[in-house]
Structure formats: C-alpha cells, structure tokens
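One file, final-v1.cif, carrying mmCIF, C-alpha atoms:
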```cif
data_upload
#
loop_
_atom_site.label_atom_id
_atom_site.label_comp_id
_atom_site.auth_asym_id
_atom_site.auth_seq_id
_atom_site.Cartn_x
_atom_site.Cartn_y
_atom_site.Cartn_z
CA MET A 1 -16.27 15.63 -11.63
CA ILE A 2 -13.10 14.83 -13.57
CA PRO A 3 -13.19 16.17 -17.15
CA ASP A 4 -13.49 13.36 -19.69
CA GLY A 5 -10.49 14.75 -21.50
CA ARG A 6 -8.26 14.22 -18.50
CA ILE A 7 -9.34 10.59 -18.17
CA ARG A 8 -8.61 10.13 -21.88
CA ASP A 9 -5.19 11.76 -21.46
CA ALA A 10 -4.34 9.33 -18.66
CA ALA A 11 -5.64 6.37 -20.65
CA ASP A 12 -3.60 7.41 -23.71
CA LEU A 13 -0.43 7.55 -21.62
CA MET A 14 -1.09 4.10 -20.18
CA ARG A 15 -2.04 2.62 -23.52
CA ASN A 16 1.27 3.77 -25.02
CA SER A 17 3.37 2.62 -22.06
CA LYS A 18 5.26 -0.66 -22.32
CA PHE A 19 5.59 -0.91 -18.54
CA THR A 20 3.19 0.78 -16.12
CA THR A 21 3.60 0.68 -12.36
CA ALA A 22 0.81 1.38 -9.88
CA TYR A 23 2.19 2.96 -6.74
CA THR A 24 -0.35 2.96 -3.93
CA GLY A 25 -0.74 4.41 -0.47
CA ALA A 26 -3.29 4.57 2.33
CA GLY A 27 -5.81 6.53 0.24
CA ILE A 28 -6.62 3.54 -1.95
CA SER A 29 -7.85 1.56 1.07
CA VAL A 30 -9.93 4.25 2.76
CA GLU A 31 -12.99 3.14 0.77
CA SER A 32 -12.49 -0.35 2.22
CA GLY A 33 -12.93 1.09 5.71
CA ILE A 34 -9.24 1.37 6.58
CA PRO A 35 -8.33 4.86 7.80
CA PRO A 36 -4.93 6.41 7.06
CA PHE A 37 -2.37 6.60 9.82
CA ARG A 38 -1.85 10.37 9.55
CA GLY A 39 -4.23 13.31 9.55
CA ASP A 40 -7.11 14.42 11.76
CA GLU A 41 -8.98 11.14 11.29
CA GLY A 42 -5.84 9.02 11.16
CA LEU A 43 -4.96 6.19 13.51
CA TRP A 44 -2.23 8.20 15.22
CA SER A 45 -4.89 10.63 16.43
CA LYS A 46 -6.40 7.72 18.40
CA TYR A 47 -3.41 5.50 19.20
CA ASP A 48 0.10 6.25 20.39
CA PRO A 49 2.54 5.25 17.62
CA LYS A 50 5.00 4.06 20.27
CA TYR A 51 3.23 0.69 20.22
CA LEU A 52 4.61 0.13 16.72
CA ASP A 53 8.15 1.15 17.62
CA ILE A 54 10.37 -1.92 17.47
CA GLY A 55 12.21 -0.98 20.66
CA TYR A 56 8.99 -0.57 22.62
CA PHE A 57 7.58 -3.77 21.13
CA LEU A 58 10.61 -5.78 22.27
CA GLU A 59 10.42 -4.28 25.77
CA SER A 60 6.63 -4.58 26.18
CA PRO A 61 5.36 -7.15 23.66
CA SER A 62 2.12 -7.92 25.51
CA GLU A 63 1.16 -4.25 25.70
CA SER A 64 2.06 -3.62 22.04
CA TRP A 65 0.24 -6.75 20.93
CA GLY A 66 -2.94 -5.60 22.67
CA VAL A 67 -3.04 -2.50 20.47
CA ILE A 68 -1.89 -4.40 17.37
CA LYS A 69 -4.66 -6.94 17.75
CA GLU A 70 -7.27 -4.21 18.17
CA ILE A 71 -6.15 -2.23 15.11
CA PHE A 72 -5.01 -4.81 12.60
CA PHE A 73 -7.02 -7.90 13.43
CA ASP A 74 -10.23 -6.84 15.19
CA PHE A 75 -10.79 -3.57 13.31
CA PHE A 76 -9.14 -4.16 9.91
CA GLY A 77 -9.93 -7.85 9.71
CA GLU A 78 -13.24 -7.38 7.87
CA ALA A 79 -11.90 -5.03 5.18
CA LYS A 80 -12.47 -6.12 1.58
CA PRO A 81 -10.97 -4.88 -1.70
CA ASN A 82 -12.78 -1.91 -3.22
CA LYS A 83 -13.30 -0.79 -6.82
CA ALA A 84 -9.79 0.66 -7.07
CA HIS A 85 -8.10 -2.58 -6.00
CA LEU A 86 -10.31 -4.57 -8.38
CA ALA A 87 -9.63 -2.20 -11.28
CA LEU A 88 -5.87 -2.55 -10.84
CA ALA A 89 -6.14 -6.34 -10.72
CA ASN A 90 -8.20 -6.37 -13.91
CA LEU A 91 -5.83 -3.99 -15.68
CA GLU A 92 -2.93 -6.25 -14.72
CA LEU A 93 -4.85 -9.20 -16.17
CA LYS A 94 -5.33 -7.23 -19.40
CA GLY A 95 -1.62 -6.41 -19.59
CA LEU A 96 -2.03 -2.71 -18.79
CA ILE A 97 -0.42 -2.80 -15.34
CA ALA A 98 2.93 -4.55 -14.97
CA ARG A 99 3.57 -4.15 -11.25
CA VAL A 100 2.00 -2.86 -8.05
CA ILE A 101 4.26 -1.26 -5.45
CA THR A 102 2.30 -0.54 -2.29
CA GLN A 103 3.02 1.16 0.99
CA ASN A 104 -0.03 -0.58 2.47
CA ILE A 105 0.10 -3.65 4.69
CA ASP A 106 -3.54 -4.73 4.31
CA ASN A 107 -3.15 -7.46 1.63
CA LEU A 108 -6.09 -6.02 -0.33
CA HIS A 109 -4.26 -5.93 -3.66
CA GLN A 110 -3.64 -9.67 -3.46
CA GLU A 111 -7.20 -10.35 -2.33
CA ALA A 112 -8.44 -8.38 -5.35
CA GLY A 113 -6.39 -10.60 -7.66
CA SER A 114 -3.21 -8.61 -8.34
CA ARG A 115 -0.23 -10.92 -8.69
CA GLU A 116 2.83 -8.70 -9.16
CA VAL A 117 2.61 -6.98 -5.78
CA PHE A 118 5.60 -5.72 -3.82
CA GLU A 119 4.91 -4.46 -0.32
CA PHE A 120 7.19 -1.64 0.79
CA HIS A 121 6.17 -1.98 4.43
CA GLY A 122 5.29 -5.68 4.69
CA ASN A 123 1.98 -7.42 5.34
CA SER A 124 -0.23 -7.53 8.43
CA LYS A 125 -1.73 -10.88 7.39
CA ARG A 126 1.55 -12.68 8.18
CA LEU A 127 3.40 -13.16 11.46
CA VAL A 128 7.14 -13.72 11.73
CA CYS A 129 9.15 -15.28 14.56
CA LEU A 130 11.91 -12.96 15.76
CA ALA A 131 14.01 -15.96 16.86
CA CYS A 132 13.91 -18.48 13.99
CA PHE A 133 12.21 -16.29 11.31
CA ALA A 134 9.43 -18.81 10.64
CA ARG A 135 6.41 -17.15 9.03
CA TYR A 136 2.75 -17.97 9.57
CA PRO A 137 -0.51 -16.81 7.98
CA HIS A 138 -2.34 -14.88 10.68
CA THR A 139 -5.25 -17.32 10.46
CA GLU A 140 -3.00 -20.09 11.81
CA VAL A 141 -2.07 -18.23 14.99
CA SER A 142 -4.35 -17.77 17.98
CA LEU A 143 -4.41 -14.27 19.47
CA ASP A 144 -6.38 -15.38 22.53
CA HIS A 145 -3.19 -15.20 24.61
CA LEU A 146 -0.77 -12.35 23.97
CA PRO A 147 1.94 -12.15 22.90
CA PRO A 148 1.69 -15.08 20.47
CA THR A 149 4.70 -17.39 20.24
CA CYS A 150 6.26 -19.56 17.56
CA ARG A 151 5.14 -23.17 17.57
CA GLN A 152 8.53 -24.23 16.21
CA CYS A 153 10.86 -22.59 18.71
CA GLY A 154 8.72 -20.67 21.20
CA GLY A 155 10.07 -17.29 20.08
CA LEU A 156 8.12 -14.04 20.04
CA LEU A 157 5.89 -13.51 17.00
CA LYS A 158 5.62 -10.09 15.39
CA PRO A 159 3.39 -8.89 12.54
CA ASP A 160 5.42 -9.13 9.35
CA PHE A 161 5.35 -5.43 8.59
CA VAL A 162 7.87 -2.67 9.14
CA PHE A 163 7.81 -1.09 12.58
CA PHE A 164 9.30 2.29 13.40
CA GLY A 165 13.03 1.72 13.76
CA GLU A 166 13.17 -1.12 11.21
CA ALA A 167 14.60 -1.04 7.70
CA ILE A 168 12.60 -1.43 4.49
CA PRO A 169 12.95 -5.05 3.21
CA GLN A 170 15.41 -5.39 0.35
CA LEU A 171 13.12 -7.24 -2.09
CA PRO A 172 10.36 -4.60 -2.37
CA LEU A 173 12.94 -1.83 -2.27
CA ALA A 174 14.81 -3.36 -5.21
CA ALA A 175 11.51 -4.00 -7.04
CA ALA A 176 10.50 -0.35 -6.56
CA TYR A 177 13.81 0.96 -7.90
CA GLU A 178 13.60 -1.42 -10.85
CA ALA A 179 10.03 -0.35 -11.60
CA ALA A 180 11.05 3.29 -11.47
CA SER A 181 13.71 2.65 -14.11
CA LEU A 182 11.46 0.54 -16.38
CA SER A 183 8.19 2.47 -16.26
CA GLY A 184 6.77 4.57 -19.04
CA VAL A 185 3.94 5.49 -16.67
CA PHE A 186 3.91 5.66 -12.89
CA LEU A 187 0.34 5.63 -11.60
CA VAL A 188 0.37 7.15 -8.11
CA ILE A 189 -2.82 6.40 -6.13
CA GLY A 190 -3.78 7.52 -2.66
CA THR A 191 -0.47 8.67 -1.27
CA THR A 192 0.38 12.19 -0.19
CA GLY A 193 4.14 11.60 -0.39
CA GLU A 194 4.92 12.28 3.26
CA VAL A 195 6.74 9.06 4.20
CA MET A 196 10.46 8.62 3.57
CA PRO A 197 12.01 6.84 1.76
CA ALA A 198 8.90 5.62 -0.09
CA ASN A 199 8.03 9.13 -1.25
CA GLN A 200 11.18 9.34 -3.36
CA ILE A 201 10.29 6.48 -5.73
CA PRO A 202 7.93 8.52 -7.99
CA PHE A 203 10.61 11.22 -8.26
CA LEU A 204 13.09 8.59 -9.37
CA ALA A 205 10.60 7.31 -11.96
CA LYS A 206 10.09 10.85 -13.25
CA SER A 207 13.85 11.37 -13.53
CA GLN A 208 14.02 8.19 -15.65
CA GLY A 209 11.43 9.54 -18.09
CA ALA A 210 8.15 8.15 -16.70
CA LYS A 211 4.91 10.08 -17.00
CA ILE A 212 3.20 10.53 -13.64
CA ILE A 213 -0.55 10.02 -13.34
CA GLU A 214 -1.81 10.92 -9.88
CA VAL A 215 -5.11 9.88 -8.29
CA ASN A 216 -5.78 11.69 -5.01
CA LEU A 217 -8.60 13.46 -3.18
CA THR A 218 -6.46 16.56 -2.73
CA GLU A 219 -3.19 17.88 -4.07
CA SER A 220 -0.13 16.12 -2.68
CA TYR A 221 3.62 16.52 -2.42
CA TYR A 222 3.77 15.33 -6.04
CA THR A 223 1.03 17.34 -7.74
CA THR A 224 2.84 20.55 -8.60
CA ARG A 225 6.30 18.99 -8.70
CA ILE A 226 6.15 15.98 -11.00
CA THR A 227 2.54 15.05 -11.84
CA ASP A 228 1.62 15.09 -15.53
CA VAL A 229 -2.09 14.21 -15.21
CA PHE A 230 -3.90 14.85 -11.92
CA LEU A 231 -7.16 12.92 -11.47
CA GLN A 232 -8.79 14.37 -8.39
CA GLY A 233 -11.34 12.22 -6.63
CA LYS A 234 -11.93 9.02 -4.70
CA ALA A 235 -9.66 6.22 -5.80
CA GLY A 236 -12.48 3.77 -6.51
CA GLU A 237 -14.48 6.19 -8.64
CA VAL A 238 -11.48 7.47 -10.59
CA MET A 239 -10.05 4.02 -11.25
CA GLU A 240 -13.44 2.76 -12.42
CA LEU A 241 -13.56 5.60 -14.98
CA LEU A 242 -9.98 5.02 -16.06
CA GLU A 243 -10.50 1.26 -16.38
CA ARG A 244 -13.63 1.79 -18.46
CA GLU A 245 -11.83 4.19 -20.79
CA LEU A 246 -8.85 1.88 -21.20
CA LEU A 247 -10.87 -1.26 -21.86
CA SER A 248 -13.39 0.44 -24.14
CA THR A 249 -10.60 1.47 -26.49
CA ALA A 250 -8.29 -1.52 -26.03
CA LEU A 251 -7.46 -3.42 -29.19
#
```
In structure tokens, write the structure found in this file.
Amino acid sequence: MIPDGRIRDAADLMRNSKFTTAYTGAGISVESGIPPFRGDEGLWSKYDPKYLDIGYFLESPSESWGVIKEIFFDFFGEAKPNKAHLALANLELKGLIARVITQNIDNLHQEAGSREVFEFHGNSKRLVCLACFARYPHTEVSLDHLPPTCRQCGGLLKPDFVFFGEAIPQLPLAAAYEAASLSGVFLVIGTTGEVMPANQIPFLAKSQGAKIIEVNLTESYYTTRITDVFLQGKAGEVMELLERELLSTAL
C-alpha cells in the first residue's frame, strides 16, 4: 500500500506544475490484457522478434504478417482502456495533464479520451502503404489474405508502427523533446527505461528542472537515478488514487 503522504506529495507537485507530461510504457497497458514485449512473460519469450525486423518483413511479408495478425489484431484487438488510461484522460480534461508521450502502439490513450497524445513508436491501429504512403484505419483493411495491399496503388501494407531497423518518427520525437523542456513534472508510468532512445527523455526532462514522479510495479532504471516520488504499484490503482487526491483538492 502506498503511503498517503507519498500520494499527496505527487499531487502537490502536479498541482503546482504549469505543464505536466505523462510518459507511458508497456506497464500501463498490462491491466488491459496486453503483455509487455520483454521479460519472462513478455511477447519475445513466445515469438521471434525477427518478424518485426523491417528487413525480414520486406523479404518475407506473408510470414511476418501471419505473426503480426496473431499478436496485434487477433490477440490485442479486444483490449480496452483501463483505470490508468481513463485517469490520464480525465486529468487532461481538468487541465492537470498537458501532454501524453507514449511508447505504446495500442491506441488505448486515444480510446480513453486523451487528445494530446504523441506516439513514440507509432500505432498498430493504422496501416501504411510502403509504396505511396497512403494510410488506412485497420478496420478498413481485410486481413483474410496476407499480406494486405494498398487499394490505391497495390503496394505492400505495413502496420504503422516502428519496426526494428526503422527510425523514430520526427513528430513524436520533437514533441517529446519539447515536453521535456516545458515540463514542471514528468509523470513516468509503466516503463522500465530499457529502450533507447526513448529512455533518455525523462533524463532530459530532469536536466531541464522537471520533477519526476514514477509509477511502476518495481524499481526501474529511473528510480534511484532521477525519480523524486516513487509510487510503487499497479498503474490503474495508483493513478486512481492520484486522480482522487488531485480532484478532491482542486480549486
């Protein structure tokens, strides 16, 4: 159980911050039924990550798409936002969260109602044509025959998220750097800080004067290095407590 005083400390920091960024990783979506990629129970313990390597995908798109469909559309397709996603959306509505930067590709922040969302690694709910760059909602593309192709030019469609061997898109990268420079509080939720270059953004925020609030089940790469308030527990439970404290004392 998190001490009430620690929740109040986190709420006080957020209440006094003119710009607060929520920075989320796989841990925020675990309670929605989406496992992390790494770790003993992670997806890479069950699937070979080569299927999400851009070189392998281009050489064997049908084979890669078979695994992609199973993971991201058959398995993840029923996931819904949990209490943590909903809390962030409500705090944004109340003016207490300015921006969400996420490493996740599951679209759950948007489904919960968050508007200022920047996706470091893209979004699995969109497909992009590698020939003409047309984009489609996944609901408009049949996956009955793999690989799917573009109805405009016939090119190969790829999930619109970052594969191994691809660069981070410029827009979310710029938004993350901007948020790091603007934030009075950086709220880190459900990320262990293992993935480069995403793991450097909280350090940049700290160097620019932000206070770091961390919500994680266990200590992370950040906890003893830059975290100011560590709220240990499940993301949904912790964010529900933090939301309640913030809104009960909001003016």
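Considering the residues A:Arg6, A:Arg151, A:Lys18, A:Arg225 and counting only C-alpha atoms, Cys129 of chain A has its shortest atom-to-atom contact with A:Arg151.
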So that I can see what lies close to segment 215-221 of chain A, please list as number ranges by chain the residues with an atom at most 9 Å from it, counting all atoms listed in the file and leaving out residues fewer than 4 positions away in the same chain. A: 27-28, 187-194, 199, 225-226, 229-235, 238-239
Pick out the closest residue to Gly184 of chain A from this set: A:Glu63, A:Ile212, A:Arg126, A:Leu246. Count only C-alpha atoms. A:Ile212
So how far away is atom CA of Ala112 of chain A from atom CA of Val30 of chain A, in Å? 15.1 Å
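Applied to this file, the PyMOL selection byres ((chain A and resi 131-140) around 8) selects A:Ser124, A:Lys125, A:Arg126, A:Leu127, A:Val128, A:Cys129, A:Leu130, A:Val141, A:Ser142, A:Cys150, A:Gln152, A:Cys153, A:Gly155, A:Leu156.
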